[in-house]
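One file, my_file-v4.csv, is given below (CSV, C-alpha atoms).
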```csv
chain,number,residue,atom,x,y,z
A,1,MET,CA,24.4,8.5,-6.8
A,2,LYS,CA,25.0,10.8,-9.7
A,3,LYS,CA,28.7,10.0,-9.8
A,4,ASP,CA,27.7,6.3,-10.3
A,5,THR,CA,25.5,7.1,-13.2
A,6,ALA,CA,27.8,9.6,-14.9
A,7,ASP,CA,28.5,7.3,-17.8
A,8,PHE,CA,25.1,5.7,-18.1
A,9,PHE,CA,23.6,8.3,-20.5
A,10,VAL,CA,26.6,8.4,-22.8
A,11,SER,CA,25.0,5.7,-25.1
A,12,LYS,CA,22.0,3.4,-24.9
A,13,LYS,CA,23.0,-0.2,-24.2
A,14,GLU,CA,21.4,-3.3,-25.7
A,15,TRP,CA,19.7,-4.3,-22.4
A,16,SER,CA,18.2,-0.8,-22.1
A,17,GLU,CA,16.8,-1.2,-25.6
A,18,VAL,CA,15.2,-4.5,-24.6
A,19,LYS,CA,13.8,-3.0,-21.4
A,20,ASP,CA,12.4,0.1,-23.1
A,21,ALA,CA,10.9,-2.1,-25.9
A,22,LEU,CA,9.0,-4.1,-23.2
A,23,LEU,CA,7.6,-0.8,-22.0
A,24,GLU,CA,6.8,0.6,-25.5
A,25,CYS,CA,5.1,-2.5,-26.7
A,26,TYR,CA,2.9,-2.7,-23.6
A,27,LEU,CA,2.0,0.9,-23.4
A,28,THR,CA,0.3,1.1,-26.8
A,29,PRO,CA,-2.4,-1.5,-26.1
A,30,TYR,CA,-2.6,-0.4,-22.5
A,31,ILE,CA,-3.4,3.2,-23.3
A,32,THR,CA,-5.8,2.1,-26.1
A,33,LYS,CA,-7.7,-0.1,-23.6
A,34,ILE,CA,-7.5,2.0,-20.5
A,35,ILE,CA,-9.0,5.1,-22.1
A,36,HIS,CA,-12.3,3.2,-22.5
A,37,THR,CA,-12.8,3.3,-18.8
A,38,HIS,CA,-13.4,7.0,-19.2
A,39,LYS,CA,-11.4,7.6,-16.0
A,40,THR,CA,-8.4,9.7,-15.5
A,41,VAL,CA,-5.1,8.0,-16.3
A,42,ASN,CA,-1.9,8.7,-14.3
A,43,TYR,CA,1.3,7.7,-16.0
A,44,ILE,CA,4.3,8.0,-13.6
A,45,ASP,CA,7.9,7.5,-14.6
A,46,CYS,CA,9.5,7.2,-11.1
A,47,PHE,CA,13.2,7.4,-12.2
A,48,ALA,CA,13.0,9.3,-15.4
A,49,GLY,CA,16.6,10.2,-16.1
A,50,LYS,CA,17.5,12.7,-18.8
A,51,GLY,CA,14.8,11.6,-21.2
A,52,LYS,CA,17.4,11.2,-24.0
A,53,PHE,CA,20.8,9.6,-24.2
A,54,ASP,CA,23.9,11.6,-25.3
A,55,ASP,CA,24.0,9.5,-28.5
A,56,GLY,CA,20.6,10.8,-29.5
A,57,LYS,CA,18.6,7.7,-28.6
A,58,LEU,CA,15.4,8.2,-26.7
A,59,GLY,CA,14.8,7.3,-23.1
A,60,SER,CA,11.6,6.1,-21.4
A,61,PRO,CA,10.0,9.5,-20.9
A,62,ILE,CA,10.0,10.5,-24.5
A,63,LEU,CA,9.1,7.0,-25.7
A,64,ALA,CA,6.1,7.0,-23.4
A,65,LEU,CA,5.0,10.5,-24.4
A,66,ASN,CA,5.2,9.6,-28.1
A,67,ILE,CA,3.1,6.5,-27.6
A,68,ILE,CA,0.5,8.5,-25.7
A,69,ALA,CA,0.4,11.1,-28.4
A,70,ASN,CA,0.1,8.5,-31.1
A,71,CYS,CA,-2.8,6.8,-29.3
A,72,MET,CA,-4.6,10.1,-29.1
A,73,ARG,CA,-4.1,10.7,-32.8
A,74,LYS,CA,-5.3,7.2,-33.8
A,75,ASN,CA,-8.4,7.6,-31.6
A,76,LYS,CA,-9.3,11.0,-32.8
A,77,GLY,CA,-12.9,11.9,-32.0
A,78,PHE,CA,-13.0,9.5,-29.0
A,79,PRO,CA,-13.8,11.3,-25.8
A,80,PHE,CA,-10.3,10.9,-24.2
A,81,PRO,CA,-10.1,11.0,-20.4
A,82,LYS,CA,-7.6,13.2,-18.8
A,83,ILE,CA,-4.0,11.8,-18.9
A,84,ASN,CA,-1.6,13.1,-16.3
A,85,LYS,CA,2.0,12.5,-17.1
A,86,TYR,CA,4.5,12.7,-14.2
A,87,PHE,CA,8.3,12.3,-14.4
A,88,ILE,CA,10.3,12.1,-11.2
A,89,GLU,CA,14.0,12.7,-11.4
A,90,CYS,CA,16.5,13.6,-8.7
A,91,ASP,CA,19.9,14.2,-10.5
A,92,TYR,CA,19.0,15.2,-14.0
A,93,SER,CA,15.8,17.1,-13.7
A,94,THR,CA,17.3,20.2,-15.6
A,95,GLU,CA,18.3,18.1,-18.6
A,96,LEU,CA,14.9,16.3,-18.4
A,97,LYS,CA,12.9,19.5,-18.5
A,98,GLU,CA,14.9,20.7,-21.5
A,99,ASN,CA,14.4,17.4,-23.4
A,100,LEU,CA,10.6,17.4,-22.6
A,101,LYS,CA,10.0,21.1,-23.3
A,102,ASN,CA,8.1,20.4,-26.6
A,103,TYR,CA,5.7,18.1,-24.9
A,104,ARG,CA,2.5,19.6,-23.4
A,105,ASN,CA,0.9,18.8,-20.1
A,106,THR,CA,3.9,17.1,-18.6
A,107,THR,CA,5.0,17.5,-15.0
A,108,VAL,CA,8.7,17.1,-14.1
A,109,LEU,CA,9.3,16.7,-10.4
A,110,ASN,CA,12.8,17.4,-9.0
A,111,GLY,CA,13.5,15.0,-6.2
A,112,THR,CA,13.4,11.3,-5.3
A,113,TYR,CA,10.8,8.7,-5.9
A,114,GLN,CA,10.2,8.2,-2.2
A,115,ASP,CA,9.7,12.0,-1.6
A,116,ASN,CA,7.3,12.5,-4.5
A,117,ILE,CA,5.2,9.4,-5.1
A,118,LYS,CA,2.8,9.8,-2.1
A,119,SER,CA,1.9,13.4,-2.9
A,120,ILE,CA,1.3,12.5,-6.6
A,121,LEU,CA,-1.1,9.7,-5.6
A,122,GLN,CA,-3.1,11.7,-3.2
A,123,GLN,CA,-6.7,12.1,-4.3
A,124,LYS,CA,-6.3,9.6,-7.1
A,125,ASP,CA,-9.0,7.4,-5.8
A,126,GLY,CA,-11.1,6.0,-8.7
A,127,GLU,CA,-8.4,6.8,-11.2
A,128,ASN,CA,-6.1,4.6,-13.3
A,129,VAL,CA,-2.4,4.5,-12.3
A,130,PHE,CA,0.6,3.1,-14.2
A,131,LEU,CA,4.0,3.2,-12.5
A,132,TYR,CA,7.2,2.7,-14.4
A,133,ILE,CA,9.8,2.0,-11.7
A,134,ASP,CA,13.3,1.8,-13.2
A,135,PRO,CA,15.9,2.7,-10.5
A,136,PHE,CA,19.6,2.6,-10.8
A,137,GLY,CA,20.3,0.0,-8.2
A,138,ILE,CA,18.1,-1.3,-5.3
A,139,LYS,CA,18.3,1.2,-2.5
A,140,CYS,CA,15.3,3.3,-3.6
A,141,LEU,CA,12.9,0.3,-3.7
A,142,ASP,CA,11.1,0.5,-0.4
A,143,PHE,CA,8.7,-2.5,-0.3
A,144,THR,CA,6.3,-0.7,2.1
A,145,LEU,CA,5.3,1.5,-0.8
A,146,PHE,CA,3.8,-1.6,-2.5
A,147,ASP,CA,1.6,-2.0,0.6
A,148,LEU,CA,0.4,1.6,0.1
A,149,TYR,CA,-0.4,1.0,-3.6
A,150,SER,CA,-2.3,-2.3,-2.9
A,151,LYS,CA,-4.5,-0.7,-0.2
A,152,SER,CA,-5.3,2.4,-2.3
A,153,ASN,CA,-8.7,2.8,-3.9
A,154,PHE,CA,-7.6,3.2,-7.5
A,155,SER,CA,-9.8,2.2,-10.5
A,156,SER,CA,-6.7,0.2,-11.6
A,157,ILE,CA,-3.0,0.1,-10.9
A,158,GLU,CA,-0.2,-1.5,-13.0
A,159,MET,CA,3.5,-1.4,-12.4
A,160,LEU,CA,6.5,-2.3,-14.5
A,161,ILE,CA,9.5,-2.7,-12.2
A,162,ASN,CA,13.2,-3.0,-13.1
A,163,PHE,CA,14.5,-5.0,-10.2
A,164,ASN,CA,18.3,-5.6,-10.0
A,165,SER,CA,17.9,-9.0,-8.3
A,166,PHE,CA,21.5,-9.9,-9.0
A,167,GLY,CA,22.7,-6.6,-7.5
A,168,PHE,CA,20.7,-7.4,-4.4
A,169,ILE,CA,22.5,-10.8,-4.1
A,170,ARG,CA,25.8,-9.0,-4.3
A,171,GLU,CA,24.8,-6.4,-1.7
A,172,ALA,CA,23.5,-9.1,0.6
A,173,CYS,CA,26.8,-10.9,0.4
A,174,ARG,CA,28.6,-7.7,1.4
A,175,ILE,CA,26.3,-6.9,4.3
A,176,LYS,CA,26.6,-10.4,5.6
A,177,LYS,CA,30.4,-10.1,5.2
A,178,MET,CA,30.6,-13.0,2.8
A,179,GLU,CA,33.1,-11.4,0.5
A,180,SER,CA,34.6,-14.7,-0.5
A,181,VAL,CA,31.6,-15.3,-2.7
A,182,TYR,CA,32.7,-12.2,-4.8
A,183,ILE,CA,33.9,-14.4,-7.6
A,184,PRO,CA,35.3,-12.5,-10.6
A,185,GLU,CA,32.2,-13.4,-12.6
A,186,ILE,CA,29.9,-11.5,-10.2
A,187,ASP,CA,32.0,-8.3,-10.3
A,188,THR,CA,32.4,-8.5,-14.0
A,189,ILE,CA,28.6,-8.7,-14.5
A,190,ILE,CA,28.0,-5.8,-12.2
A,191,LYS,CA,30.6,-3.8,-14.0
A,192,ILE,CA,29.1,-4.6,-17.4
A,193,PHE,CA,25.7,-3.5,-16.0
A,194,GLY,CA,27.2,-0.1,-15.4
A,195,GLY,CA,27.9,0.0,-11.7
A,196,LEU,CA,25.8,-0.4,-8.5
A,197,GLU,CA,25.5,1.9,-5.5
A,198,GLN,CA,27.1,0.4,-2.5
A,199,ASP,CA,25.4,2.4,0.3
A,200,VAL,CA,23.0,-0.2,1.7
A,201,GLU,CA,24.0,-0.1,5.3
A,202,SER,CA,22.3,-2.9,7.2
A,203,GLU,CA,20.3,-6.1,7.1
A,204,GLN,CA,17.2,-4.2,8.0
A,205,GLU,CA,17.6,-2.0,5.0
A,206,LEU,CA,17.8,-5.1,2.8
A,207,ASN,CA,14.7,-6.4,4.6
A,208,ASN,CA,12.9,-3.2,3.7
A,209,ILE,CA,13.9,-3.6,0.1
A,210,ALA,CA,13.0,-7.3,-0.1
A,211,GLY,CA,9.8,-7.1,2.0
A,212,GLY,CA,11.2,-9.6,4.5
A,213,ASP,CA,14.3,-11.5,5.7
A,214,TYR,CA,13.7,-14.6,3.5
A,215,TRP,CA,16.8,-13.6,1.5
A,216,ILE,CA,19.2,-14.5,4.4
A,217,LYS,CA,18.7,-18.3,4.1
A,218,ILE,CA,19.3,-18.0,0.3
A,219,ILE,CA,22.6,-16.1,0.9
A,220,GLU,CA,23.7,-18.6,3.5
A,221,ASP,CA,23.1,-21.5,1.2
A,222,PHE,CA,24.9,-19.7,-1.6
A,223,TYR,CA,27.9,-19.0,0.8
A,224,SER,CA,28.0,-22.6,1.9
A,225,LYS,CA,27.9,-23.7,-1.8
A,226,LYS,CA,24.6,-25.6,-1.4
A,227,ILE,CA,23.3,-23.6,-4.4
A,228,THR,CA,25.0,-21.7,-7.2
A,229,CYS,CA,24.9,-17.9,-7.8
A,230,TYR,CA,22.4,-18.6,-10.6
A,231,ASP,CA,20.2,-20.6,-8.2
A,232,ALA,CA,20.4,-17.8,-5.6
A,233,GLU,CA,19.2,-15.1,-8.0
A,234,LYS,CA,16.3,-17.3,-9.3
A,235,LEU,CA,15.2,-18.3,-5.8
A,236,PHE,CA,15.4,-14.7,-4.5
A,237,SER,CA,13.5,-13.4,-7.6
A,238,GLU,CA,10.7,-16.0,-7.1
A,239,ALA,CA,10.4,-15.2,-3.4
A,240,TYR,CA,10.3,-11.4,-4.2
A,241,CYS,CA,7.5,-12.0,-6.7
A,242,ASP,CA,5.7,-14.2,-4.2
A,243,LYS,CA,5.7,-11.2,-1.8
A,244,LEU,CA,4.2,-9.0,-4.5
A,245,LYS,CA,1.6,-11.7,-5.1
A,246,GLU,CA,0.4,-11.4,-1.5
A,247,ARG,CA,-0.6,-7.8,-2.4
A,248,PHE,CA,-1.6,-8.1,-6.1
A,249,LYS,CA,-3.4,-10.7,-8.2
A,250,TYR,CA,-1.0,-11.2,-11.1
A,251,VAL,CA,2.8,-10.9,-11.2
A,252,VAL,CA,5.0,-12.1,-14.0
A,253,ASN,CA,8.7,-11.3,-14.7
A,254,MET,CA,11.3,-11.5,-17.4
A,255,PRO,CA,15.0,-11.9,-16.8
A,256,ILE,CA,17.3,-9.8,-18.9
A,257,ARG,CA,20.5,-11.5,-19.9
A,258,LEU,CA,22.5,-10.8,-23.1
A,259,LYS,CA,24.1,-14.3,-23.2
A,260,ALA,CA,22.4,-17.6,-22.9
A,261,GLY,CA,23.2,-19.2,-19.5
A,262,GLN,CA,24.5,-15.9,-18.1
A,263,GLN,CA,23.4,-14.4,-14.9
A,264,PRO,CA,20.4,-12.1,-15.4
A,265,LYS,CA,21.4,-8.4,-15.3
A,266,TYR,CA,18.0,-7.6,-13.8
A,267,ARG,CA,14.3,-8.7,-13.8
A,268,MET,CA,11.5,-6.8,-15.4
A,269,ILE,CA,8.5,-7.4,-13.2
A,270,HIS,CA,4.9,-6.6,-14.2
A,271,VAL,CA,2.3,-6.3,-11.5
A,272,THR,CA,-1.5,-5.9,-12.0
A,273,ASN,CA,-4.9,-6.9,-10.7
A,274,ASN,CA,-6.3,-7.0,-14.3
A,275,GLU,CA,-6.5,-10.3,-16.2
A,276,ASP,CA,-6.2,-8.6,-19.6
A,277,GLY,CA,-3.1,-6.6,-18.5
A,278,CYS,CA,-1.4,-9.8,-17.3
A,279,ILE,CA,-2.1,-11.7,-20.5
A,280,LEU,CA,-1.0,-8.7,-22.6
A,281,MET,CA,2.3,-8.5,-20.7
A,282,VAL,CA,2.9,-12.3,-21.1
A,283,GLN,CA,2.4,-12.0,-24.9
A,284,ASN,CA,4.7,-8.9,-24.8
A,285,ILE,CA,7.4,-10.8,-22.8
A,286,CYS,CA,7.2,-13.7,-25.3
A,287,ASN,CA,7.8,-11.3,-28.2
A,288,ARG,CA,10.6,-9.5,-26.4
A,289,TRP,CA,12.2,-12.9,-25.6
A,290,LYS,CA,12.4,-13.5,-29.4
A,291,ASN,CA,14.3,-10.3,-29.8
A,292,LEU,CA,16.5,-10.9,-26.8
A,293,SER,CA,17.3,-14.4,-28.2
A,294,SER,CA,18.6,-12.9,-31.4
A,295,ILE,CA,20.9,-10.7,-29.2
A,296,GLN,CA,22.0,-13.8,-27.3
A,297,LEU,CA,22.8,-15.6,-30.5
A,298,LYS,CA,25.4,-12.9,-31.3
A,299,ASN,CA,27.1,-13.7,-28.0
A,300,SER,CA,26.8,-17.5,-27.6
A,301,ALA,CA,26.2,-20.7,-29.6
A,302,PRO,CA,22.6,-21.3,-30.6
A,303,SER,CA,20.6,-23.9,-28.7
A,304,LEU,CA,19.4,-27.1,-30.5
A,305,PHE,CA,16.1,-26.8,-28.5
A,306,GLU,CA,13.6,-24.1,-28.0
A,307,GLU,CA,14.0,-22.4,-24.6
A,308,ASN,CA,11.9,-20.3,-22.4
A,309,ILE,CA,12.9,-17.0,-20.7
A,310,GLU,CA,14.8,-18.8,-18.0
A,311,ASN,CA,16.9,-20.7,-20.7
A,312,GLU,CA,15.0,-23.9,-19.8
A,313,ILE,CA,14.2,-26.3,-22.6
A,314,ILE,CA,10.5,-26.4,-23.5
A,315,ASP,CA,8.3,-28.4,-25.8
A,316,GLU,CA,4.6,-29.2,-26.2
A,317,GLY,CA,4.9,-32.2,-23.8
A,318,SER,CA,6.2,-30.1,-20.9
A,319,THR,CA,3.7,-27.3,-21.7
A,320,LYS,CA,0.8,-29.9,-21.6
A,321,LYS,CA,1.9,-31.1,-18.2
A,322,VAL,CA,1.8,-27.6,-16.7
A,323,ILE,CA,-1.6,-26.8,-18.3
A,324,ILE,CA,-3.2,-30.0,-16.9
A,325,GLU,CA,-1.7,-29.5,-13.4
A,326,GLN,CA,-3.2,-26.0,-13.3
A,327,LEU,CA,-6.6,-27.0,-14.7
A,328,ASN,CA,-6.9,-29.8,-12.1
A,329,GLN,CA,-7.1,-27.1,-9.5
A,330,TYR,CA,-10.5,-25.9,-10.7
A,331,GLU,CA,-13.7,-27.8,-9.8
A,332,ASN,CA,-15.8,-25.9,-12.4
A,333,PRO,CA,-15.2,-24.4,-15.8
A,334,VAL,CA,-13.0,-21.3,-15.7
A,335,HIS,CA,-12.8,-18.4,-18.1
A,336,MET,CA,-9.7,-18.6,-20.3
A,337,SER,CA,-8.5,-15.1,-19.3
A,338,CYS,CA,-8.6,-16.1,-15.6
A,339,PHE,CA,-7.0,-19.4,-16.2
A,340,LEU,CA,-4.1,-18.0,-18.3
A,341,SER,CA,-3.5,-15.1,-15.8
A,342,GLU,CA,-3.4,-17.5,-12.9
A,343,LEU,CA,-1.3,-20.0,-14.9
A,344,PHE,CA,1.5,-17.6,-15.7
A,345,THR,CA,1.4,-16.0,-12.2
A,346,SER,CA,1.8,-19.4,-10.7
A,347,LYS,CA,4.3,-21.0,-13.1
A,348,GLY,CA,6.0,-18.0,-14.6
A,349,VAL,CA,6.4,-17.5,-18.4
A,350,PHE,CA,7.3,-21.2,-18.8
A,351,THR,CA,6.6,-21.5,-22.5
A,352,THR,CA,6.2,-19.5,-25.6
A,353,TRP,CA,2.8,-18.1,-26.6
A,354,GLU,CA,2.8,-20.2,-29.8
A,355,ILE,CA,3.5,-23.5,-28.1
A,356,LEU,CA,0.8,-22.6,-25.5
A,357,GLN,CA,-1.8,-22.0,-28.1
A,358,LYS,CA,-0.9,-25.1,-30.1
A,359,THR,CA,-1.0,-27.3,-27.0
A,360,LEU,CA,-4.4,-26.0,-25.9
A,361,ARG,CA,-5.8,-26.8,-29.4
A,362,ASN,CA,-4.3,-30.3,-29.4
A,363,LEU,CA,-5.6,-31.0,-25.9
A,364,GLU,CA,-9.1,-30.0,-27.2
A,365,LYS,CA,-8.7,-32.1,-30.3
A,366,ASP,CA,-7.6,-35.1,-28.2
A,367,ASN,CA,-10.6,-34.6,-25.9
A,368,GLU,CA,-8.4,-34.1,-22.9
A,369,ILE,CA,-9.9,-30.7,-22.2
A,370,CYS,CA,-13.2,-29.1,-23.1
A,371,ILE,CA,-13.5,-25.5,-24.4
A,372,ARG,CA,-16.9,-23.7,-24.6
A,373,ARG,CA,-16.9,-20.7,-26.9
A,374,THR,CA,-19.5,-17.9,-27.0
A,375,PRO,CA,-20.7,-17.3,-29.6
A,376,SER,CA,-20.3,-20.9,-30.7
A,377,ILE,CA,-21.2,-20.1,-34.3
A,378,THR,CA,-19.5,-17.5,-36.5
A,379,PRO,CA,-21.5,-14.9,-38.5
A,380,LYS,CA,-20.9,-17.2,-41.5
A,381,GLY,CA,-22.6,-20.1,-39.8
A,382,LYS,CA,-19.4,-22.1,-39.1
A,383,LYS,CA,-18.2,-23.5,-35.8
A,384,SER,CA,-16.2,-21.0,-33.7
A,385,THR,CA,-12.5,-21.9,-33.2
A,386,PHE,CA,-11.2,-18.9,-31.4
A,387,ILE,CA,-9.2,-19.8,-28.2
A,388,ASN,CA,-8.7,-16.4,-26.5
A,389,GLU,CA,-11.3,-14.1,-25.0
A,390,SER,CA,-11.9,-10.7,-26.5
A,391,ARG,CA,-14.1,-7.9,-25.2
A,392,LYS,CA,-13.8,-6.1,-28.5
A,393,ASP,CA,-15.2,-9.1,-30.4
A,394,ASN,CA,-17.5,-10.3,-27.6
A,395,HIS,CA,-15.6,-13.6,-27.5
A,396,SER,CA,-16.0,-15.6,-24.3
A,397,VAL,CA,-14.2,-18.9,-23.6
A,398,GLU,CA,-14.5,-21.3,-20.8
A,399,ILE,CA,-12.1,-24.3,-20.2
A,400,TRP,CA,-12.1,-27.4,-18.1
A,401,ILE,CA,-10.7,-30.9,-17.8
A,402,ASN,CA,-12.6,-33.6,-19.6
A,403,LYS,CA,-13.2,-36.1,-16.9
```

Could you quickly redo this structure as structure tokens?
Amino acid sequence: MKKDTADFFVSKKEWSEVKDALLECYLTPYITKIIHTHKTVNYIDCFAGKGKFDDGKLGSPILALNIIANCMRKNKGFPFPKINKYFIECDYSTELKENLKNYRNTTVLNGTYQDNIKSILQQKDGENVFLYIDPFGIKCLDFTLFDLYSKSNFSSIEMLINFNSFGFIREACRIKKMESVYIPEIDTIIKIFGGLEQDVESEQELNNIAGGDYWIKIIEDFYSKKITCYDAEKLFSEAYCDKLKERFKYVVNMPIRLKAGQQPKYRMIHVTNNEDGCILMVQNICNRWKNLSSIQLKNSAPSLFEENIENEIIDEGSTKKVIIEQLNQYENPVHMSCFLSELFTSKGVFTTWEILQKTLRNLEKDNEICIRRTPSITPKGKKSTFINESRKDNHSVEIWINK
């Protein structure tokens, strides 16, 4: 695989900046919150790379280590739990060790993700685990490992996965011998992405990556032109996330594309069983989407309407409809954190955080929904108006349809 990645570390590309920003902006609040469990934290970068690009820009290992160090400095005096930091790298472990030599208490493991991850996670019961899974291609993503993670007795587990969904579609076409669907656009996108390993050898191997054979029908529909290439990628990504949802409570994803309407280069998928983690990542995705939109504007004409991460037009009306549909599924009042986590896991990141908050407030104002806040009165004796729950501020919120 090294020959395929030889040019990857020459300079850091725009989509890598967005991907790492998603990790960076999530890790700071994650570390700040998770240390309050007083349980050991295991941060594992499963495909660490060199740690630094040849142009001097930092890779995910150093970015993560800097964030962990900053959190420790800001929380000086707090009894920090032990934080284990593991970096797995097969091809560039020598360069990685050199780039991480000034960071204490780090473990660089020479070898593959598959060969190392089980031994790392042994005897981690009752501890917190965060996996950053950022492979080059799809071959290394064995879905059975997610079964292992879901059945383990960790205090918590979270994963941020870079999944090359479009690359899977291309490999599936090749394995199914449907080369005629290799339109120039597909190969152009793959080339821009930086190459893709082409050593998936069978349908069974693709089943192992996807967690089932559901992809075959999607590829056949694509080949027969019942659906477009864009449709195929979106349907496959949704089905892949549904497989993850069978094992974990909350799953959200963000497509990374540098031009509006363009095929996503990959999907960043966040997996957790924690409501706060899910909501935090949704907010993070919405913020990263703003940054990604500014990149897209350099490469395409601006849209006249606000769009979500799937480049679908959104407004308060459509957001209201989705909120009401979700709330109608509950017979009793539901905590806001639970509602929002289940909403975004079910519907995806379908709107912006700002439109969501505005819509909830307007629904309450129009008496279409009821919101019960605890405490109901502020320290200054005024009626509480907060809409999100907060353990730090002891804010609790319940929501239900006003029938």

Legend entry - Distance criterion (all atoms listed in the file): nearest to Lys265 (chain A) out of A:Cys71, A:Ile314, A:Ala239, A:Ile169: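 Closest to Lys265 (chain A), using all atoms listed in the file: A:Ile169.
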
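Look at Phe222 (chain A): the protein and nucleic acid residues within 10 Å of it, using all atoms listed in the file and passing over chain neighbours fewer than 3 places away, are Ile169, Cys173, Met178, Val181, Ile216, Lys217, Ile218, Ile219, Lys225, Lys226, Ile227, Thr228, Cys229, Tyr230, Asp231, Ala232 and Glu233 of chain A.
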
Legend entry - Proximity to Arg288 (chain A) - best of A:Ser396, A:Gln123, A:Thr352, A:Asn328, all atoms listed in the file: A:Thr352

Inset, instruction - Have a look at CA of Gly111 (chain A) and CA of Leu63 (chain A) and let me know their distance in Å, one decimal. - result: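 These atoms are spaced 21.5 Å apart.
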
Legend entry - Distance criterion (only C-alpha atoms): nearest to Glu325 (chain A) out of A:Asn207, A:Ser337, A:Asn105, A:Ser346: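 Result for the nearest residue to Glu325 (chain A): A:Ser346.
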
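For the choices A:Pro333, A:Pro135, A:Gly77, A:Gly126, the atom-to-atom distance to Gly49 (chain A) is smallest for A:Pro135 when using all atoms listed in the file.
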
Inset, instruction - Tell me, in Å to one decimal, how far CA of Pro61 (chain A) is from CA of Glu14 (chain A). - result: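 That distance, rounded to one decimal, is 17.8 Å.
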
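Distance annotation: of A:Phe166, A:Phe248, A:Asn273, A:Cys90, the residue with the minimal separation from Phe236 (chain A) is A:Phe166; atom set is all atoms listed in the file.
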
Write out as a PDB file with C-alpha atoms, keeping the file's coordinate frame each polymer residue whose atoms come within 10 Å of Phe163 (chain A), counting all atoms listed in the file; drop sequence neighbours fewer than 5 positions from it.
```pdb
ATOM      1  CA  ILE A 133       9.800   2.000 -11.700  1.00  0.00           C
ATOM      2  CA  ASP A 134      13.300   1.800 -13.200  1.00  0.00           C
ATOM      3  CA  PRO A 135      15.900   2.700 -10.500  1.00  0.00           C
ATOM      4  CA  PHE A 136      19.600   2.600 -10.800  1.00  0.00           C
ATOM      5  CA  GLY A 137      20.300   0.000  -8.200  1.00  0.00           C
ATOM      6  CA  ILE A 138      18.100  -1.300  -5.300  1.00  0.00           C
ATOM      7  CA  LEU A 141      12.900   0.300  -3.700  1.00  0.00           C
ATOM      8  CA  PHE A 168      20.700  -7.400  -4.400  1.00  0.00           C
ATOM      9  CA  SER A 237      13.500 -13.400  -7.600  1.00  0.00           C
ATOM     10  CA  TYR A 240      10.300 -11.400  -4.200  1.00  0.00           C
ATOM     11  CA  ASN A 253       8.700 -11.300 -14.700  1.00  0.00           C
ATOM     12  CA  PRO A 255      15.000 -11.900 -16.800  1.00  0.00           C
ATOM     13  CA  LYS A 265      21.400  -8.400 -15.300  1.00  0.00           C
ATOM     14  CA  TYR A 266      18.000  -7.600 -13.800  1.00  0.00           C
ATOM     15  CA  ARG A 267      14.300  -8.700 -13.800  1.00  0.00           C
ATOM     16  CA  MET A 268      11.500  -6.800 -15.400  1.00  0.00           C
ATOM     17  CA  ILE A 269       8.500  -7.400 -13.200  1.00  0.00           C
TER      18      ILE A 269
END
```

How would region 54-65 of chain A look with N, CA and C atoms restored, written as a compact mmCIF listing (two decimals), keeping the file's coordinate frame?
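The result, stored in rebuild_30.txt:
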```txt
# COMPACT_ATOMS: atom_id res chain seq x y z
N ASP A 54 22.99 10.64 -24.64
CA ASP A 54 23.90 11.60 -25.30
C ASP A 54 24.11 11.17 -26.79
N ASP A 55 23.87 9.88 -27.13
CA ASP A 55 24.00 9.50 -28.50
C ASP A 55 22.78 9.74 -29.35
N GLY A 56 21.78 10.41 -28.75
CA GLY A 56 20.60 10.80 -29.50
C GLY A 56 19.42 9.82 -29.30
N LYS A 57 19.68 8.64 -28.76
CA LYS A 57 18.60 7.70 -28.60
C LYS A 57 17.67 8.09 -27.47
N LEU A 58 16.39 7.76 -27.63
CA LEU A 58 15.40 8.20 -26.70
C LEU A 58 15.31 7.36 -25.45
N GLY A 59 15.06 8.01 -24.31
CA GLY A 59 14.80 7.30 -23.10
C GLY A 59 13.36 7.07 -22.83
N SER A 60 13.03 6.45 -21.72
CA SER A 60 11.60 6.10 -21.40
C SER A 60 10.66 7.23 -21.41
N PRO A 61 11.01 8.43 -20.90
CA PRO A 61 10.00 9.50 -20.90
C PRO A 61 9.51 9.91 -22.26
N ILE A 62 10.43 10.12 -23.20
CA ILE A 62 10.00 10.50 -24.50
C ILE A 62 9.32 9.41 -25.27
N LEU A 63 9.80 8.18 -25.09
CA LEU A 63 9.10 7.00 -25.70
C LEU A 63 7.69 6.93 -25.26
N ALA A 64 7.46 7.10 -23.96
CA ALA A 64 6.10 7.00 -23.40
C ALA A 64 5.23 8.17 -23.92
N LEU A 65 5.77 9.37 -23.93
CA LEU A 65 5.00 10.50 -24.40
C LEU A 65 4.63 10.40 -25.87
```
